[in-house]
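For reference, coords.pdb is printed below; it contains PDB, C-alpha atoms.
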```pdb
ATOM      1  CA  MET K   1      -9.926  -0.410  -0.355
ATOM      2  CA  SER K   2      -9.941   0.470   3.349
ATOM      3  CA  THR K   3     -13.625  -0.225   3.960
ATOM      4  CA  PRO K   4     -14.041  -1.757   7.418
ATOM      5  CA  ARG K   5     -15.107  -5.356   7.390
ATOM      6  CA  PRO K   6     -17.660  -6.769   9.818
ATOM      7  CA  PRO K   7     -15.755  -7.448  13.050
ATOM      8  CA  SER K   8     -15.094 -11.087  13.817
ATOM      9  CA  LEU K   9     -13.371 -10.059  17.010
ATOM     10  CA  GLU K  10     -14.699  -7.664  19.609
ATOM     11  CA  ASN K  11     -12.037  -5.297  20.759
ATOM     12  CA  LYS K  12     -11.786  -2.732  23.509
ATOM     13  CA  LEU K  13      -8.439  -1.371  22.440
ATOM     14  CA  ARG K  14      -9.647   2.210  22.025
ATOM     15  CA  GLN K  15     -11.271   2.183  25.457
ATOM     16  CA  PHE K  16      -8.137   0.900  27.178
ATOM     17  CA  ARG K  17      -5.933   3.306  25.215
ATOM     18  CA  VAL K  18      -8.028   6.332  26.130
ATOM     19  CA  ASP K  19      -8.199   5.215  29.760
ATOM     20  CA  ALA K  20      -4.399   5.030  29.751
ATOM     21  CA  GLY K  21      -4.254   8.600  28.445
ATOM     22  CA  LEU K  22      -2.499   7.636  25.238
ATOM     23  CA  THR K  23      -2.984   8.841  21.708
ATOM     24  CA  GLN K  24      -2.803   6.330  18.877
ATOM     25  CA  GLN K  25       0.653   7.694  18.107
ATOM     26  CA  GLY K  26       1.695   7.290  21.725
ATOM     27  CA  LEU K  27       0.523   3.688  21.885
ATOM     28  CA  ALA K  28       2.149   2.983  18.530
ATOM     29  CA  GLU K  29       5.509   4.215  19.827
ATOM     30  CA  LYS K  30       5.202   2.072  22.957
ATOM     31  CA  VAL K  31       4.450  -1.028  20.908
ATOM     32  CA  GLY K  32       6.868  -0.303  18.047
ATOM     33  CA  VAL K  33       4.371  -0.049  15.194
ATOM     34  CA  THR K  34       2.950   2.778  13.102
ATOM     35  CA  ARG K  35      -0.076   4.803  14.172
ATOM     36  CA  LYS K  36      -1.941   3.405  11.191
ATOM     37  CA  THR K  37      -1.633  -0.115  12.594
ATOM     38  CA  ILE K  38      -3.188   0.969  15.900
ATOM     39  CA  ASN K  39      -5.959   2.741  14.012
ATOM     40  CA  THR K  40      -6.774  -0.262  11.818
ATOM     41  CA  VAL K  41      -6.892  -2.592  14.825
ATOM     42  CA  GLU K  42      -9.153  -0.202  16.760
ATOM     43  CA  ASN K  43     -11.499   0.098  13.785
ATOM     44  CA  SER K  44     -11.555  -3.688  13.275
ATOM     45  CA  ILE K  45     -10.116  -3.349   9.795
ATOM     46  CA  PHE K  46      -7.771  -6.182  10.540
ATOM     47  CA  ILE K  47      -7.239  -8.668  13.322
ATOM     48  CA  PRO K  48      -3.851  -8.266  15.014
ATOM     49  CA  SER K  49      -1.353 -11.079  15.133
ATOM     50  CA  THR K  50      -0.740 -12.928  18.376
ATOM     51  CA  VAL K  51       2.530 -11.086  18.908
ATOM     52  CA  LEU K  52       0.953  -7.689  18.329
ATOM     53  CA  SER K  53      -1.953  -8.550  20.636
ATOM     54  CA  LEU K  54       0.490  -9.488  23.401
ATOM     55  CA  LYS K  55       2.502  -6.309  22.866
ATOM     56  CA  LEU K  56      -0.662  -4.189  23.026
ATOM     57  CA  ALA K  57      -1.793  -5.893  26.215
ATOM     58  CA  ARG K  58       1.615  -5.396  27.832
ATOM     59  CA  ALA K  59       1.755  -1.737  26.789
ATOM     60  CA  LEU K  60      -1.683  -1.139  28.319
ATOM     61  CA  ASN K  61      -0.925  -3.167  31.482
ATOM     62  CA  THR K  62      -3.690  -5.627  30.844
ATOM     63  CA  ASP K  63      -4.179  -9.057  29.336
ATOM     64  CA  VAL K  64      -5.153 -10.055  25.822
ATOM     65  CA  HIS K  65      -8.548 -11.383  26.894
ATOM     66  CA  SER K  66      -9.496  -7.978  28.279
ATOM     67  CA  LEU K  67      -8.624  -6.330  24.992
ATOM     68  CA  PHE K  68     -10.053  -8.847  22.536
ATOM     69  CA  GLN K  69     -12.987 -11.246  22.768
ATOM     70  CA  LEU K  70     -14.849 -13.514  20.449
ATOM     71  CA  PRO K  71     -18.321 -12.162  19.686
ATOM     72  CA  ASP K  72     -21.207 -14.065  21.216
ATOM     73  CA  ILE K  73     -22.689 -16.487  18.721
ATOM     74  CA  LEU K  74     -26.438 -15.846  18.469
ATOM     75  CA  GLU K  75     -28.559 -18.986  18.237
TER      76      GLU K  75
ATOM     77  CA  MET N   1      12.473   8.337  17.714
ATOM     78  CA  ALA N   2      12.107   9.932  14.307
ATOM     79  CA  ASP N   3       8.694  11.035  13.131
ATOM     80  CA  ILE N   4       7.350   7.697  11.956
ATOM     81  CA  GLU N   5       4.173   9.264  10.658
ATOM     82  CA  LYS N   6       6.232  11.535   8.369
ATOM     83  CA  LEU N   7       8.215   8.565   7.083
ATOM     84  CA  VAL N   8       4.985   6.654   6.342
ATOM     85  CA  GLN N   9       3.574   9.655   4.455
ATOM     86  CA  ASP N  10       6.803  10.112   2.498
ATOM     87  CA  ARG N  11       6.867   6.453   1.569
ATOM     88  CA  THR N  12       3.275   6.674   0.329
ATOM     89  CA  ARG N  13       4.118   9.721  -1.800
ATOM     90  CA  ILE N  14       7.145   8.008  -3.305
ATOM     91  CA  VAL N  15       5.088   4.912  -4.132
ATOM     92  CA  PHE N  16       2.514   7.062  -5.947
ATOM     93  CA  ILE N  17       5.281   8.850  -7.853
ATOM     94  CA  MET N  18       6.853   5.549  -8.859
ATOM     95  CA  ALA N  19       3.508   4.149 -10.012
ATOM     96  CA  SER N  20       2.653   7.166 -12.143
ATOM     97  CA  THR N  21       6.110   7.561 -13.698
ATOM     98  CA  PHE N  22       6.291   3.854 -14.476
ATOM     99  CA  ALA N  23       2.859   3.998 -16.108
ATOM    100  CA  LEU N  24       3.881   7.056 -18.143
ATOM    101  CA  TRP N  25       7.136   5.493 -19.279
ATOM    102  CA  GLN N  26       5.787   2.084 -20.205
ATOM    103  CA  GLY N  27       2.456   3.372 -21.487
ATOM    104  CA  SER N  28       4.091   5.799 -23.879
ATOM    105  CA  ASP N  29       6.524   3.093 -24.980
ATOM    106  CA  ILE N  30       3.562   0.912 -25.925
ATOM    107  CA  VAL N  31       2.075   3.793 -27.907
ATOM    108  CA  THR N  32       5.351   4.248 -29.829
ATOM    109  CA  GLN N  33       5.160   0.584 -30.824
ATOM    110  CA  VAL N  34       1.683   0.843 -32.295
ATOM    111  CA  ALA N  35       1.576   4.392 -33.652
ATOM    112  CA  ALA N  36       2.770   5.316 -37.117
ATOM    113  CA  MET N  37       6.307   6.668 -36.949
ATOM    114  CA  ASP N  38       5.477   9.808 -38.924
ATOM    115  CA  SER N  39       2.472  10.690 -36.762
ATOM    116  CA  VAL N  40       2.128  13.425 -34.161
ATOM    117  CA  LEU N  41       1.034  10.756 -31.691
ATOM    118  CA  PHE N  42       4.363   8.958 -32.116
ATOM    119  CA  LEU N  43       6.226  12.219 -31.514
ATOM    120  CA  TYR N  44       4.354  13.021 -28.311
ATOM    121  CA  ALA N  45       4.596   9.435 -27.110
ATOM    122  CA  SER N  46       8.357   9.452 -27.706
ATOM    123  CA  LEU N  47       8.780  12.628 -25.691
ATOM    124  CA  ALA N  48       6.565  11.249 -22.925
ATOM    125  CA  LYS N  49       8.581   8.032 -22.926
ATOM    126  CA  ILE N  50      11.865   9.892 -22.428
ATOM    127  CA  PHE N  51      10.352  12.077 -19.719
ATOM    128  CA  GLY N  52       8.758   9.054 -18.040
ATOM    129  CA  ALA N  53      11.979   7.048 -18.068
ATOM    130  CA  ILE N  54      13.958   9.877 -16.484
ATOM    131  CA  ALA N  55      11.207  10.542 -13.949
ATOM    132  CA  TYR N  56      11.024   6.865 -13.007
ATOM    133  CA  ALA N  57      14.788   6.689 -12.558
ATOM    134  CA  LEU N  58      14.625   9.751 -10.314
ATOM    135  CA  SER N  59      11.797   8.215  -8.301
ATOM    136  CA  ALA N  60      13.881   5.082  -7.794
ATOM    137  CA  LEU N  61      16.668   7.321  -6.520
ATOM    138  CA  LEU N  62      14.159   8.997  -4.197
ATOM    139  CA  LEU N  63      13.243   5.572  -2.835
ATOM    140  CA  LEU N  64      16.886   4.759  -2.222
ATOM    141  CA  LEU N  65      17.399   8.043  -0.362
ATOM    142  CA  PHE N  66      14.234   7.372   1.621
ATOM    143  CA  TYR N  67      15.516   4.016   2.834
ATOM    144  CA  LYS N  68      18.802   5.624   3.848
ATOM    145  CA  ARG N  69      16.711   7.989   6.022
ATOM    146  CA  VAL N  70      14.843   5.025   7.452
ATOM    147  CA  ASN N  71      18.097   3.250   8.321
ATOM    148  CA  ARG N  72      19.519   6.388   9.936
ATOM    149  CA  ALA N  73      16.351   6.714  12.012
ATOM    150  CA  LYS N  74      16.459   2.984  12.883
ATOM    151  CA  ALA N  75      12.803   2.807  11.889
ATOM    152  CA  ALA N  76      12.933  -0.141   9.490
ATOM    153  CA  MET N  77      11.184  -2.624  11.809
ATOM    154  CA  THR N  78       8.490  -0.115  12.747
ATOM    155  CA  LEU N  79       7.725   0.624   9.106
ATOM    156  CA  LYS N  80       7.460  -3.108   8.352
ATOM    157  CA  ASP N  81       4.752  -3.626  10.952
ATOM    158  CA  ASP N  82       1.582  -5.722  10.772
ATOM    159  CA  TRP N  83      -0.446  -3.246   8.719
ATOM    160  CA  ASN N  84       2.414  -2.796   6.275
ATOM    161  CA  ARG N  85       2.723  -6.550   5.739
ATOM    162  CA  LEU N  86      -1.023  -6.898   5.286
ATOM    163  CA  SER N  87      -1.082  -3.964   2.858
ATOM    164  CA  LYS N  88       1.636  -5.559   0.729
ATOM    165  CA  GLY N  89      -0.309  -8.820   0.550
ATOM    166  CA  LEU N  90      -3.534  -7.058  -0.369
ATOM    167  CA  ALA N  91      -1.732  -4.888  -2.944
ATOM    168  CA  VAL N  92      -0.348  -7.982  -4.684
ATOM    169  CA  GLN N  93      -3.856  -9.462  -4.771
ATOM    170  CA  TYR N  94      -5.264  -6.293  -6.339
ATOM    171  CA  GLY N  95      -2.409  -6.190  -8.851
ATOM    172  CA  PHE N  96      -3.042  -9.805  -9.789
ATOM    173  CA  PHE N  97      -6.795  -9.185 -10.167
ATOM    174  CA  PHE N  98      -6.258  -6.173 -12.429
ATOM    175  CA  MET N  99      -3.707  -8.080 -14.504
ATOM    176  CA  ILE N 100      -6.211 -10.903 -15.030
ATOM    177  CA  ALA N 101      -8.852  -8.347 -16.004
ATOM    178  CA  ALA N 102      -6.460  -6.704 -18.468
ATOM    179  CA  THR N 103      -5.651 -10.114 -19.964
ATOM    180  CA  VAL N 104      -9.349 -10.832 -20.526
ATOM    181  CA  ILE N 105      -9.851  -7.416 -22.144
ATOM    182  CA  MET N 106      -6.858  -7.864 -24.442
ATOM    183  CA  TYR N 107      -8.075 -11.322 -25.360
ATOM    184  CA  ALA N 108     -11.434  -9.847 -26.354
ATOM    185  CA  VAL N 109      -9.785  -7.015 -28.312
ATOM    186  CA  ALA N 110      -7.488  -9.478 -30.091
ATOM    187  CA  MET N 111     -10.564 -11.112 -31.638
ATOM    188  CA  PHE N 112     -11.118  -7.949 -33.669
ATOM    189  CA  TRP N 113      -7.660  -6.407 -34.090
ATOM    190  CA  ASP N 114      -4.151  -7.757 -34.485
ATOM    191  CA  LEU N 115      -2.198  -6.710 -31.434
ATOM    192  CA  PRO N 116       1.611  -6.729 -31.335
ATOM    193  CA  VAL N 117       2.681  -9.411 -28.872
ATOM    194  CA  MET N 118       5.368  -7.341 -27.178
ATOM    195  CA  ALA N 119       2.976  -4.429 -26.674
ATOM    196  CA  VAL N 120       0.406  -6.767 -25.122
ATOM    197  CA  LEU N 121       2.931  -8.308 -22.749
ATOM    198  CA  GLN N 122       4.261  -4.901 -21.840
ATOM    199  CA  GLY N 123       0.725  -3.711 -21.212
ATOM    200  CA  LEU N 124       0.060  -6.583 -18.837
ATOM    201  CA  ILE N 125       3.243  -5.822 -16.914
ATOM    202  CA  LEU N 126       2.263  -2.156 -16.781
ATOM    203  CA  VAL N 127      -1.173  -2.967 -15.373
ATOM    204  CA  GLY N 128       0.160  -5.474 -12.852
ATOM    205  CA  VAL N 129       2.953  -3.293 -11.509
ATOM    206  CA  THR N 130       1.004  -0.027 -11.514
ATOM    207  CA  ALA N 131      -2.093  -1.526  -9.898
ATOM    208  CA  THR N 132       0.008  -3.144  -7.179
ATOM    209  CA  LEU N 133       1.889   0.056  -6.366
ATOM    210  CA  LEU N 134      -1.269   2.166  -6.406
ATOM    211  CA  ALA N 135      -3.126  -0.302  -4.201
ATOM    212  CA  PHE N 136      -0.288  -0.281  -1.677
ATOM    213  CA  GLY N 137      -0.171   3.506  -1.691
ATOM    214  CA  ILE N 138      -3.920   3.819  -1.211
ATOM    215  CA  LEU N 139      -4.004   1.282   1.630
ATOM    216  CA  GLN N 140      -1.089   2.923   3.414
ATOM    217  CA  GLY N 141      -2.211   6.462   2.854
ATOM    218  CA  SER N 142      -5.962   6.254   3.366
ATOM    219  CA  SER N 143      -7.230   8.727   5.933
ATOM    220  CA  ASP N 144      -8.658   7.291   9.061
ATOM    221  CA  GLY N 145     -10.363  10.003  11.075
ATOM    222  CA  VAL N 146      -9.904   9.692  14.812
ATOM    223  CA  LYS N 147      -6.345   9.857  16.065
TER     224      LYS N 147
END
```

Reformat the file's structure so that it appears as structure tokens.
Amino acid sequence: MSTPRPPSLENKLRQFRVDAGLTQQGLAEKVGVTRKTINTVENSIFIPSTVLSLKLARALNTDVHSLFQLPDILE
Amino acid sequence: MADIEKLVQDRTRIVFIMASTFALWQGSDIVTQVAAMDSVLFLYASLAKIFGAIAYALSALLLLLFYKRVNRAKAAMTLKDDWNRLSKGLAVQYGFFFMIAATVIMYAVAMFWDLPVMAVLQGLILVGVTATLLAFGILQGSSDGVK
């Protein structure tokens, strides 16, 4: 039931989190969600809501576009 | 802030307990409706039904106590985060799917045997509720490797 789905959004959340020296638990506390939510977003199991994306970007001192991008469409 | 991870794990455990005790209670009740009253099966099912009912009531009490802990820790909003909301939606979908599947199976069985209506309806409720709770518990509690 928790099999990762093919990502429809590229995300660099783990990279930014590690660069900020935060564990998933630490980032979760900063944002006000559970560690599981951070984990599922990092593993592309689900796409975060707009509000959550903004909160993550603010917690990591970056912008949403740096964290999440649309994958390039191959022709 | 209270240990959110511990609260999430406790909630998952309570959900699994509720699902299993509900299934035991309702499942054994269905058996008592179809088994012969003088049979050993009826006796065991009756005992299981009593045990299941008490266990389910206790699990509901556990859930109530859990939410008191959550309120004391002011963790309600954190526990109702994005993944939790998504898990609930997915769990309802799984419960619905399994209930449809159970309906199809009972329909097929009913072509060969007379099934008591109340037992069938109860069985569908059992499948729907249990599958939903189990799905939620599995989604919330699944291990995820890197932390």

For this session: Return the neighbours of chain K among the residues of chain N, cut-off 7 Å, counting only C-alpha atoms, as a PyMOL selection string.
Result: chain N and resi 4+78-79+81-83+139+147

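Picture a line from atom CA of N:Ala55 to atom CA of N:Thr21; it runs 5.9 Å.
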
Exercise. When you draw a straight line from atom CA of N:Trp113 to atom CA of N:Ala35, how long is it in Å?
Worked result: 14.2 Å

For this session: Excluding stretch 55-64 of chain K and residues on its chain fewer than 6 positions from it, collect all residues at most 7 Å away from it, counting only C-alpha atoms, and give them as number ranges by chain.
Result: K: 16-17, 20, 30-31

Exercise. What does the distance between atom CA of N:Ala131 and atom CA of K:Glu42 come to in Å, to one decimal place?
Worked result: 27.6 Å

Problem set entry | Closest of N:Lys74, N:Lys6, N:Arg69, N:Lys88 to N:Gln140 - atom-to-atom distances counting all atoms listed in the file |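 The answer is N:Lys88, which sits nearest to N:Gln140.
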
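The shortest atom-to-atom distance to N:Phe98, with all atoms listed in the file taken into account, belongs to N:Ala135 out of N:Ala76, N:Ala135, N:Ala119, N:Val15.
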
For this session: Apply the PyMOL selection byres ((chain N and resi 137) around 9) to the displayed file and report the matching residues as a list in words.
Result: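 Selection result, ordered by chain and number: Arg11, Thr12, Arg13, Ile14, Val15, Phe16, Ser87, Ala91, Thr132, Leu133, Leu134, Ala135, Phe136, Ile138, Leu139, Gln140, Gly141 and Ser142 of chain N.
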
Exercise. Could you pull the residues within 8 Å of N:Gln26, counting all atoms listed in the file, minus those fewer than 2 positions along the same chain, as a ChimeraX atom specification?
Worked result: /N:22-24,28-30,49,52,122-123,126

Quick one: 5 Å padding each side, axis-aligned, all listed atoms of stretch 64-67 of chain N - centre and edge lengths in Å to one decimal, as lines of an AutoDock Vina configuration file?
```
center_x = 15.8
center_y = 6.0
center_z = 0.3
size_x = 13.2
size_y = 14.0
size_z = 15.1
```

Problem set entry | Among the residues K:Lys12, K:Leu22, K:Ser44, K:Ser53, the one that comes closest to K:Ser66 [using all atoms listed in the file] | K:Lys12

Exercise. So what does the PyMOL selection byres ((chain N and resi 120) around 12) actually pick up in this one, as a PyMOL selection string?
Worked result: chain N and resi 26-27+29-31+33-34+99+102-107+109-110+114-119+121-127

Identify, on the basis of only C-alpha atoms, every residue whose closest approach to K:Leu9 does not exceed 7 Å; exclude the query and any residue fewer than 5 positions from it along the same chain; express the result as a compact mmCIF listing (two decimals) with C-alpha atoms, in the coordinates of the input.
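Final file, out_33.txt:
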```txt
# COMPACT_ATOMS: atom_id res chain seq x y z
CA PHE K 68 -10.05 -8.85 22.54
CA GLN K 69 -12.99 -11.25 22.77
CA LEU K 70 -14.85 -13.51 20.45
CA PRO K 71 -18.32 -12.16 19.69
```
